[in-house]
Structures are given as structure tokens and as C-alpha cells.
$ cat run_2.pdb   # PDB, C-alpha atoms
MODEL        1
ATOM      1  CA  MET A   1     192.424  91.962 129.440
ATOM      2  CA  LEU A   2     189.473  93.249 131.453
ATOM      3  CA  PRO A   3     190.387  94.872 134.757
ATOM      4  CA  GLU A   4     189.115  93.360 137.984
ATOM      5  CA  ILE A   5     185.746  94.632 139.173
ATOM      6  CA  GLN A   6     186.176  96.176 142.592
ATOM      7  CA  MET A   7     184.000  97.917 145.129
ATOM      8  CA  SER A   8     184.173 101.617 144.326
ATOM      9  CA  ASN A   9     181.077 102.760 146.162
ATOM     10  CA  SER A  10     179.970 101.505 149.540
ATOM     11  CA  SER A  11     176.313 101.754 148.572
ATOM     12  CA  GLU A  12     176.552  99.410 145.628
ATOM     13  CA  GLU A  13     177.641  95.834 145.102
ATOM     14  CA  TRP A  14     180.289  95.925 142.373
ATOM     15  CA  GLN A  15     181.792  92.499 142.904
ATOM     16  CA  VAL A  16     180.773  89.869 140.339
ATOM     17  CA  ALA A  17     180.156  86.808 142.459
ATOM     18  CA  ARG A  18     182.276  83.769 141.751
ATOM     19  CA  ARG A  19     180.199  80.957 140.281
ATOM     20  CA  ARG A  20     179.810  78.072 142.698
ATOM     21  CA  LYS A  21     179.880  74.506 141.489
ATOM     22  CA  GLY A  22     176.554  73.839 139.833
ATOM     23  CA  ALA A  23     175.602  77.529 139.747
ATOM     24  CA  GLY A  24     174.653  79.301 136.569
ATOM     25  CA  ARG A  25     172.547  76.389 135.387
ATOM     26  CA  ARG A  26     169.247  78.073 136.015
ATOM     27  CA  GLY A  27     167.947  81.270 134.558
ATOM     28  CA  LYS A  28     167.552  84.458 136.525
ATOM     29  CA  SER A  29     165.110  83.766 139.291
ATOM     30  CA  PRO A  30     163.256  85.656 138.166
ATOM     31  CA  HIS A  31     164.791  88.083 135.702
ATOM     32  CA  THR A  32     168.181  88.331 137.450
ATOM     33  CA  SER A  33     167.065  90.537 140.282
ATOM     34  CA  HIS A  34     166.626  90.129 144.002
ATOM     35  CA  HIS A  35     164.225  93.071 144.091
ATOM     36  CA  GLU A  36     160.460  92.928 144.060
ATOM     37  CA  PRO A  37     158.669  94.061 140.887
ATOM     38  CA  GLY A  38     158.820  97.825 140.546
ATOM     39  CA  HIS A  39     161.059  98.235 143.623
ATOM     40  CA  ALA A  40     161.205 101.867 144.679
ATOM     41  CA  GLY A  41     164.927 102.532 144.795
ATOM     42  CA  VAL A  42     166.373 106.013 144.295
ATOM     43  CA  VAL A  43     168.484 106.044 141.131
ATOM     44  CA  ASP A  44     171.171 108.604 140.397
ATOM     45  CA  THR A  45     170.324 108.924 136.708
ATOM     46  CA  GLU A  46     173.481 110.673 135.517
ATOM     47  CA  ARG A  47     175.820 108.491 137.553
ATOM     48  CA  THR A  48     174.049 105.331 136.341
ATOM     49  CA  LYS A  49     174.353 106.411 132.705
ATOM     50  CA  GLN A  50     178.023 107.219 133.259
ATOM     51  CA  ARG A  51     178.672 103.748 134.675
ATOM     52  CA  ILE A  52     176.903 102.156 131.703
ATOM     53  CA  THR A  53     179.048 104.181 129.296
ATOM     54  CA  GLU A  54     182.207 103.226 131.183
ATOM     55  CA  THR A  55     181.223  99.556 131.046
ATOM     56  CA  MET A  56     180.596  99.809 127.295
ATOM     57  CA  GLU A  57     184.052 101.292 126.732
ATOM     58  CA  GLU A  58     185.627  98.645 128.958
ATOM     59  CA  MET A  59     184.069  95.817 126.936
ATOM     60  CA  ARG A  60     184.668  97.495 123.585
ATOM     61  CA  CYS A  61     188.403  97.107 124.221
ATOM     62  CA  ALA A  62     188.148  93.520 125.483
ATOM     63  CA  ASP A  63     189.308  90.513 123.496
ATOM     64  CA  PHE A  64     186.037  88.668 123.990
ATOM     65  CA  TRP A  65     184.022  91.493 122.375
ATOM     66  CA  LEU A  66     186.203  91.147 119.291
ATOM     67  CA  GLU A  67     185.397  87.436 119.287
ATOM     68  CA  TRP A  68     181.686  88.214 119.557
ATOM     69  CA  THR A  69     181.870  90.522 116.541
ATOM     70  CA  LYS A  70     183.756  87.866 114.566
ATOM     71  CA  ARG A  71     181.094  85.290 115.441
ATOM     72  CA  LEU A  72     178.340  87.673 114.378
ATOM     73  CA  ALA A  73     180.185  88.436 111.174
ATOM     74  CA  ALA A  74     180.614  84.764 110.325
ATOM     75  CA  VAL A  75     176.955  84.018 110.899
ATOM     76  CA  ALA A  76     175.438  87.261 109.725
ATOM     77  CA  LYS A  77     177.768  88.014 106.806
ATOM     78  CA  LEU A  78     177.942  91.620 107.945
ATOM     79  CA  GLU A  79     180.192  94.109 106.225
ATOM     80  CA  SER A  80     181.343  97.045 108.317
ATOM     81  CA  PRO A  81     184.661  98.354 109.676
ATOM     82  CA  GLU A  82     183.873  96.817 113.079
ATOM     83  CA  PHE A  83     183.175  93.445 111.521
ATOM     84  CA  GLY A  84     186.250  93.544 109.307
ATOM     85  CA  GLY A  85     184.611  94.982 106.187
ATOM     86  CA  ASP A  86     184.918  98.298 104.433
ATOM     87  CA  SER A  87     181.324  99.399 104.059
ATOM     88  CA  ALA A  88     178.254  99.998 106.153
ATOM     89  CA  VAL A  89     176.333  97.066 107.558
ATOM     90  CA  GLY A  90     174.815  95.128 104.720
ATOM     91  CA  ASN A  91     171.241  94.040 104.237
ATOM     92  CA  ASP A  92     171.737  90.298 104.526
ATOM     93  CA  PHE A  93     171.734  89.102 108.122
ATOM     94  CA  GLY A  94     171.260  85.645 106.734
ATOM     95  CA  PRO A  95     167.669  85.415 105.547
ATOM     96  CA  SER A  96     166.450  87.760 108.300
ATOM     97  CA  ARG A  97     168.777  90.598 109.266
ATOM     98  CA  PRO A  98     167.305  92.179 112.430
ATOM     99  CA  THR A  99     165.762  95.606 112.073
ATOM    100  CA  ASP A 100     164.240  95.577 115.574
ATOM    101  CA  CYS A 101     165.249  94.346 119.006
ATOM    102  CA  VAL A 102     163.430  93.176 122.126
ATOM    103  CA  CYS A 103     165.101  92.696 125.503
ATOM    104  CA  TYR A 104     163.360  90.916 128.374
ATOM    105  CA  GLY A 105     164.579  90.133 131.875
ATOM    106  CA  LEU A 106     167.556  92.476 132.126
ATOM    107  CA  GLY A 107     167.325  92.945 135.868
ATOM    108  CA  SER A 108     168.016  95.906 138.135
ATOM    109  CA  PHE A 109     171.028  97.422 136.380
ATOM    110  CA  SER A 110     171.357 100.367 138.780
ATOM    111  CA  SER A 111     172.235  98.068 141.675
ATOM    112  CA  CYS A 112     173.370  94.821 140.026
ATOM    113  CA  VAL A 113     176.709  94.826 138.206
ATOM    114  CA  THR A 114     175.765  91.708 136.218
ATOM    115  CA  ALA A 115     172.689  93.438 134.803
ATOM    116  CA  ARG A 116     174.715  96.553 134.011
ATOM    117  CA  TYR A 117     177.251  94.548 131.992
ATOM    118  CA  GLN A 118     174.404  92.890 130.110
ATOM    119  CA  LEU A 119     172.801  96.272 129.369
ATOM    120  CA  ALA A 120     176.139  97.617 128.150
ATOM    121  CA  MET A 121     176.471  94.589 125.865
ATOM    122  CA  LEU A 122     172.972  95.197 124.495
ATOM    123  CA  LEU A 123     173.915  98.771 123.601
ATOM    124  CA  LEU A 124     177.114  97.584 121.907
ATOM    125  CA  LEU A 125     175.146  95.067 119.870
ATOM    126  CA  LEU A 126     172.609  97.679 118.773
ATOM    127  CA  GLU A 127     175.442  99.960 117.757
ATOM    128  CA  SER A 128     177.258  97.259 115.813
ATOM    129  CA  LEU A 129     174.145  95.916 114.087
ATOM    130  CA  LYS A 130     172.955  99.454 113.280
ATOM    131  CA  ILE A 131     169.633  98.934 115.026
ATOM    132  CA  PRO A 132     168.353 102.347 116.220
ATOM    133  CA  THR A 133     167.926 102.440 119.994
ATOM    134  CA  GLU A 134     164.297 103.529 119.641
ATOM    135  CA  ARG A 135     163.658 100.283 117.743
ATOM    136  CA  CYS A 136     164.736  98.321 120.820
ATOM    137  CA  SER A 137     161.965  97.558 123.335
ATOM    138  CA  VAL A 138     162.926  96.581 126.877
ATOM    139  CA  TYR A 139     160.919  95.177 129.764
ATOM    140  CA  ASP A 140     161.487  93.746 133.191
ATOM    141  CA  PRO A 141     158.894  93.968 135.982
ATOM    142  CA  VAL A 142     161.699  94.693 138.460
ATOM    143  CA  PHE A 143     162.673  97.987 136.787
ATOM    144  CA  SER A 144     162.240 100.921 139.171
ATOM    145  CA  PRO A 145     160.810 104.241 137.917
ATOM    146  CA  GLY A 146     164.338 105.646 137.975
ATOM    147  CA  GLU A 147     165.680 102.783 135.885
ATOM    148  CA  ARG A 148     162.896 103.228 133.363
ATOM    149  CA  ASP A 149     163.889 106.907 133.114
ATOM    150  CA  VAL A 150     167.521 105.919 132.481
ATOM    151  CA  LEU A 151     166.497 103.518 129.723
ATOM    152  CA  ARG A 152     164.365 106.177 128.034
ATOM    153  CA  GLN A 153     167.218 108.676 128.235
ATOM    154  CA  LEU A 154     169.435 106.093 126.537
ATOM    155  CA  GLY A 155     166.909 106.129 123.690
ATOM    156  CA  LEU A 156     165.356 102.738 124.357
ATOM    157  CA  THR A 157     161.618 102.056 124.256
ATOM    158  CA  VAL A 158     160.346 100.880 127.640
ATOM    159  CA  LEU A 159     157.331  98.566 127.464
ATOM    160  CA  ASN A 160     154.557  98.964 130.038
ATOM    161  CA  GLU A 161     153.062  95.487 129.730
ATOM    162  CA  ASN A 162     154.478  92.156 130.810
ATOM    163  CA  GLU A 163     154.276  90.171 127.571
ATOM    164  CA  GLU A 164     155.715  87.005 129.170
ATOM    165  CA  GLY A 165     157.693  86.599 125.952
ATOM    166  CA  LYS A 166     154.504  86.113 123.920
ATOM    167  CA  ARG A 167     155.390  88.554 121.148
ATOM    168  CA  ALA A 168     154.612  87.746 117.521
ATOM    169  CA  VAL A 169     157.101  89.397 115.173
ATOM    170  CA  LEU A 170     156.308  90.804 111.754
ATOM    171  CA  ARG A 171     159.838  92.028 111.018
ATOM    172  CA  PRO A 172     163.224  90.375 111.588
ATOM    173  CA  THR A 173     163.900  90.913 115.283
ATOM    174  CA  LEU A 174     166.814  90.339 117.631
ATOM    175  CA  PHE A 175     165.713  88.998 121.026
ATOM    176  CA  TYR A 176     168.259  89.655 123.763
ATOM    177  CA  LEU A 177     167.354  87.271 126.597
ATOM    178  CA  MET A 178     170.316  86.926 128.918
ATOM    179  CA  HIS A 179     169.827  84.138 131.488
ATOM    180  CA  CYS A 180     166.049  84.382 131.268
ATOM    181  CA  GLY A 181     163.712  81.659 132.468
ATOM    182  CA  LYS A 182     162.980  78.782 130.128
ATOM    183  CA  ALA A 183     159.292  79.721 129.962
ATOM    184  CA  LEU A 184     160.194  83.044 128.346
ATOM    185  CA  TYR A 185     162.000  81.281 125.479
ATOM    186  CA  ASN A 186     159.251  78.689 125.220
ATOM    187  CA  ASN A 187     156.538  81.377 125.033
ATOM    188  CA  LEU A 188     158.439  83.290 122.354
ATOM    189  CA  LEU A 189     158.814  80.175 120.225
ATOM    190  CA  TRP A 190     155.131  79.285 120.653
ATOM    191  CA  LYS A 191     153.963  82.739 119.591
ATOM    192  CA  ASN A 192     156.045  82.485 116.397
ATOM    193  CA  TRP A 193     155.586  78.773 115.759
ATOM    194  CA  SER A 194     155.533  78.601 111.956
ATOM    195  CA  SER A 195     158.036  78.081 109.164
ATOM    196  CA  ASP A 196     157.451  81.690 108.090
ATOM    197  CA  ALA A 197     157.836  83.385 111.481
ATOM    198  CA  LEU A 198     160.718  81.514 113.135
ATOM    199  CA  PRO A 199     163.311  82.729 110.576
ATOM    200  CA  ARG A 200     162.476  86.287 111.667
ATOM    201  CA  LEU A 201     163.864  85.474 115.130
ATOM    202  CA  THR A 202     167.491  85.959 116.049
ATOM    203  CA  ILE A 203     168.096  85.116 119.695
ATOM    204  CA  ILE A 204     171.069  85.983 121.866
ATOM    205  CA  GLY A 205     170.591  84.177 125.147
ATOM    206  CA  ASN A 206     170.801  80.788 126.812
ATOM    207  CA  SER A 207     171.949  77.913 124.642
ATOM    208  CA  PHE A 208     169.010  75.656 123.744
ATOM    209  CA  ALA A 209     171.416  72.719 123.572
ATOM    210  CA  GLY A 210     172.603  73.602 127.070
ATOM    211  CA  ILE A 211     169.026  73.674 128.351
ATOM    212  CA  GLN A 212     168.451  70.249 126.818
ATOM    213  CA  ASP A 213     171.616  68.837 128.376
ATOM    214  CA  ARG A 214     170.663  70.053 131.847
ATOM    215  CA  MET A 215     167.091  68.745 131.874
ATOM    216  CA  ILE A 216     165.496  65.326 132.011
ATOM    217  CA  GLN A 217     164.284  64.821 128.456
ATOM    218  CA  ARG A 218     160.709  63.817 129.319
ATOM    219  CA  GLU A 219     160.338  66.911 131.527
ATOM    220  CA  LEU A 220     161.712  69.169 128.800
ATOM    221  CA  GLN A 221     159.241  67.747 126.293
ATOM    222  CA  ARG A 222     156.350  67.966 128.763
ATOM    223  CA  ASP A 223     156.978  71.460 130.163
ATOM    224  CA  TYR A 224     158.938  73.241 127.417
ATOM    225  CA  SER A 225     157.928  71.395 124.277
ATOM    226  CA  TYR A 226     158.772  74.254 121.905
ATOM    227  CA  ILE A 227     162.358  74.458 123.157
ATOM    228  CA  ALA A 228     162.598  70.661 122.880
ATOM    229  CA  GLN A 229     161.538  70.826 119.231
ATOM    230  CA  ALA A 230     163.553  73.943 118.411
ATOM    231  CA  VAL A 231     166.812  72.281 119.468
ATOM    232  CA  CYS A 232     166.608  70.147 116.324
ATOM    233  CA  MET A 233     165.502  73.021 114.078
ATOM    234  CA  CYS A 234     167.755  75.913 115.010
ATOM    235  CA  GLU A 235     171.357  76.755 114.239
ATOM    236  CA  GLU A 236     173.357  77.693 117.311
ATOM    237  CA  TRP A 237     176.760  79.302 117.774
ATOM    238  CA  PRO A 238     178.250  79.690 121.280
ATOM    239  CA  PHE A 239     179.722  83.035 122.308
ATOM    240  CA  PRO A 240     183.036  83.076 124.196
ATOM    241  CA  CYS A 241     183.041  84.316 127.775
ATOM    242  CA  PRO A 242     186.023  85.329 129.920
ATOM    243  CA  SER A 243     186.286  83.300 133.119
ATOM    244  CA  ARG A 244     185.894  86.358 135.338
ATOM    245  CA  LEU A 245     182.515  87.178 133.765
ATOM    246  CA  LEU A 246     180.931  83.730 133.888
ATOM    247  CA  ASP A 247     177.985  85.027 135.897
ATOM    248  CA  VAL A 248     177.352  87.626 133.207
ATOM    249  CA  PHE A 249     177.775  85.832 129.869
ATOM    250  CA  ASN A 250     178.167  82.105 130.494
ATOM    251  CA  ASP A 251     176.146  79.703 128.326
ATOM    252  CA  THR A 252     175.326  82.483 125.838
ATOM    253  CA  ALA A 253     174.662  81.568 122.228
ATOM    254  CA  LEU A 254     173.493  83.095 118.963
ATOM    255  CA  ILE A 255     170.432  81.188 117.743
ATOM    256  CA  THR A 256     168.829  81.454 114.295
ATOM    257  CA  PHE A 257     166.383  79.476 112.168
ATOM    258  CA  ASN A 258     167.216  78.696 108.548
ATOM    259  CA  PRO A 259     164.141  78.775 106.259
ATOM    260  CA  SER A 260     165.495  75.979 104.076
ATOM    261  CA  SER A 261     165.788  73.662 107.089
ATOM    262  CA  LEU A 262     162.272  74.449 108.277
ATOM    263  CA  ARG A 263     160.803  73.483 104.915
ATOM    264  CA  ASN A 264     161.621  69.861 105.740
ATOM    265  CA  VAL A 265     159.601  69.927 108.967
ATOM    266  CA  PRO A 266     156.237  68.092 108.713
ATOM    267  CA  GLN A 267     153.233  70.381 108.510
ATOM    268  CA  SER A 268     151.695  68.613 111.511
ATOM    269  CA  THR A 269     154.457  70.113 113.674
ATOM    270  CA  TRP A 270     153.124  73.604 112.990
ATOM    271  CA  ASP A 271     149.433  72.667 113.157
ATOM    272  CA  GLU A 272     149.650  71.207 116.653
ATOM    273  CA  ALA A 273     150.739  74.205 118.695
ATOM    274  CA  PRO A 274     148.795  74.659 121.955
ATOM    275  CA  GLU A 275     149.614  77.559 124.251
ATOM    276  CA  PRO A 276     152.018  76.519 127.048
ATOM    277  CA  GLN A 277     150.358  76.023 130.445
ATOM    278  CA  TYR A 278     153.240  74.998 132.792
ATOM    279  CA  LEU A 279     150.986  72.946 135.051
ATOM    280  CA  HIS A 280     153.959  70.991 136.420
ATOM    281  CA  CYS A 281     156.294  73.970 136.989
ATOM    282  CA  PRO A 282     155.967  75.436 140.503
ATOM    283  CA  ASP A 283     159.204  77.403 139.987
ATOM    284  CA  LEU A 284     158.669  78.976 136.588
ATOM    285  CA  GLU A 285     161.663  81.363 136.724
ATOM    286  CA  ILE A 286     159.657  84.251 135.247
ATOM    287  CA  ILE A 287     157.249  86.797 136.706
ATOM    288  CA  GLN A 288     153.806  86.269 135.217
ATOM    289  CA  ARG A 289     151.211  88.951 134.637
ATOM    290  CA  ASP A 290     148.781  87.471 137.161
ATOM    291  CA  SER A 291     151.378  87.524 139.950
ATOM    292  CA  GLN A 292     151.884  91.291 139.517
ATOM    293  CA  ASN A 293     148.247  92.147 140.249
TER     294      ASN A 293
ENDMDL
END
$ encode --input "run_2.pdb" --output "C-alpha cells"
Amino acid sequence: MLPEIQMSNSSEEWQVARRRKGAGRRGKSPHTSHHEPGHAGVVDTERTKQRITETMEEMRCADFWLEWTKRLAAVAKLESPEFGGDSAVGNDFGPSRPTDCVCYGLGSFSSCVTARYQLAMLLLLLESLKIPTERCSVYDPVFSPGERDVLRQLGLTVLNENEEGKRAVLRPTLFYLMHCGKALYNNLLWKNWSSDALPRLTIIGNSFAGIQDRMIQRELQRDYSYIAQAVCMCEEWPFPCPSRLLDVFNDTALITFNPSSLRNVPQSTWDEAPEPQYLHCPDLEIIQRDSQN
């Protein structure tokens, strides 16, 4: 059982807030942080890295992490000691075993305990899936210079440009998008909207089915049409979450696209793929490039 999170330093908020009724239904607003983009906070680099390591070890011993690895193993057919096998990780993560990783919208992990748990989980996933840390690109406009230094010292690749999720992938890639805004998912799907590219995506983030359930259908189809269509195309497996960490991992799912299923999709679905505009979304839940200038 995970120990309770308590305040151990008066300068930092360690308490994971209890989820109020109706809370947790929206993504991070935006990107899980209450700070302005590029906030200039002083970061104790060594202490921050120590806390991340401690959080990793805490979760590594937790029952729910074991359940996550079992879920990954069942879906990914991985073979390693951690996933219950006897050999190194195999080469068959379904049709598209991830060799790269992209993480958007992590938040200010030096001051936000939720973001730190999510970063620790990302590092555990990279370790378990044998994805080298340098093959994992991370970006959030709220990262401070000190936080970017921490991420680089952890071996991660820090992006300098706000891609808004519009990244076309050429290799099988894991996208780690914890509680990100719907537009980020929608943009990612649009940029890879083909029967060849979608199977290269493996997403760990908000459940698409959950997004559909929480929205009026006509608004989902109007504003986030690629999510609306992907709900019927993807395969989704929910991840368990302990009640005390609902604000950290609630509504998290593993999402993949099976090539054989996509072959049955009409060609017109792929041909008609305009770039999302979000004309009816005053609260977009993500920080756009134009708003940073």
C-alpha cells in the first residue's frame, strides 16, 4: 500500500488534493500547472531529482504498478522479468512496439506533486519498455529553466518548440499525455490521420471513451472530430488507479490502433481530413503557440 503523502517541506505543496464531485473531468487547464509559461522559479536540481527517484521507488513497490505492467504485458505481449517473462523485452509490441516516446503537458513537477508522480511514472514506463531516455522528448510551456535542466540531467530530450501535439511519427511512438487538453489529442490524431500512421501511435492518457461520455455528441463531432472518429477505431484498456491518487492517474487508458481494423475504414475517412480550427472553443485547455508570443 502506498504511504500517505504529507507535507514535508513548508515551501512546497505535497498534499494531493482530494477530488471534488465532478472534478477530474477536464484536462489540465492548461497542462496541469497554475504557473505562467516559463515561470521563473528557483529549482533545487539535486533535491528535485532525489524526490523523483524516491517517487519512482515508491510506485515501483505499489500494487497498482504491478497491475499496470500486467496490462501492458497482456496488450503488448512483452517478455521480460518485470512483465513475467524470462527474456529481454521482445520486438512485438503488437504491430507497433514503441521505440520512441513523446510527453506533452507534464506540468511543473518541481512544485506540483501530481506532476512529479506523473514524471516518475513516465520514467518507470521508459525503463520497463526499454525505451532509452534520450529517445523520449518532453515539452510543456510551463517548464522553468531549472526544470528543463532537471529533465536534461535525467537524460530526456527537452523540445524547444510548442508543437501543439501536431507531430507526425515515422517510427512506433509512445505518447504519454496525462490529463492533457482534448485539442492536444485531436491534433495528434489529425497529424497522423491515415491507416498507415495511426498504428504507429501508442497513447497513455485520457480515455477516449471517457471523453465521449462526458461531452455532448454533436459538440464532440464539431470541435474534436478526430477523437470522435477514433473512439470507434481504437482499442482501449483502462489502467487501475488507487483511490488516493485519483488526481494523478484517474481516467488513464492505454490506447492503440490495430492495422487490421483500420483496413475496414472507408478511404473517404482518410481523404477528408482538414486541420482542426477550434472556432467554437473559447477554453481550449492547451497553450497555443500564438498565445506565447
$ closest_residue --input "run_2.pdb" --among "A:Ala273, A:Val169, A:Ile286, A:Val43" --to "Gly146 (chain A)" --atoms "all atoms listed in the file"
A:Val43
$ closest_atom_pairs --input "run_2.pdb" --of "region 239-293 of chain A" --to "region 213-227 of chain A" --cutoff "9 Å" --atoms "all atoms listed in the file" --output "CSV"
residue,atom,partner,partner_atom,distance
A:Ala273,CA,A:Tyr226,CA,8.7
A:Pro276,CA,A:Tyr224,CA,7.7
A:Gln277,CA,A:Asp223,CA,8.0
A:Tyr278,CA,A:Asp223,CA,5.8
A:Leu279,CA,A:Asp223,CA,7.9
A:His280,CA,A:Asp223,CA,7.0
A:Cys281,CA,A:Asp223,CA,7.3
$ resolve_selection --input "run_2.pdb" --expression "the PyMOL selection byres ((chain A and resi 152-160) around 8)" --output "list in words"
Lys49, Thr133, Glu134, Arg135, Cys136, Ser137, Val138, Tyr139, Arg148, Asp149, Val150, Leu151, Glu161 and Asn162 of chain A
$ atom_distance --input "run_2.pdb" --atom1 "CA of Phe257 (chain A)" --atom2 "CA of Arg289 (chain A)"
28.7 Å
$ closest_residue --input "run_2.pdb" --among "A:Phe249, A:Trp270, A:Phe109, A:Trp237" --to "Phe64 (chain A)" --atoms "only C-alpha atoms"
A:Phe249
$ atom_distance --input "run_2.pdb" --atom1 "CA of Pro240 (chain A)" --atom2 "CA of His179 (chain A)"
15.1 Å
$ residues_around --input "run_2.pdb" --residues "Ala209 (chain A)" --least-positions-apart "5" --cutoff "10 Å" --atoms "all atoms listed in the file" --output "PyMOL selection string"
chain A and resi 214+227-228+230-232+234+236+251+253
$ write_last_selection --input "run_2.pdb" --atoms "C-alpha atoms" --output "CSV table (one decimal), keeping the file's coordinate frame"
chain,number,residue,atom,x,y,z
A,214,ARG,CA,170.7,70.1,131.8
A,227,ILE,CA,162.4,74.5,123.2
A,228,ALA,CA,162.6,70.7,122.9
A,230,ALA,CA,163.6,73.9,118.4
A,231,VAL,CA,166.8,72.3,119.5
A,232,CYS,CA,166.6,70.1,116.3
A,234,CYS,CA,167.8,75.9,115.0
A,236,GLU,CA,173.4,77.7,117.3
A,251,ASP,CA,176.1,79.7,128.3
A,253,ALA,CA,174.7,81.6,122.2
$ resolve_selection --input "run_2.pdb" --expression "the PyMOL selection byres ((chain A and resi 67) around 12)" --output "number ranges by chain"
A: 59-66, 68-74, 82-84, 237-242
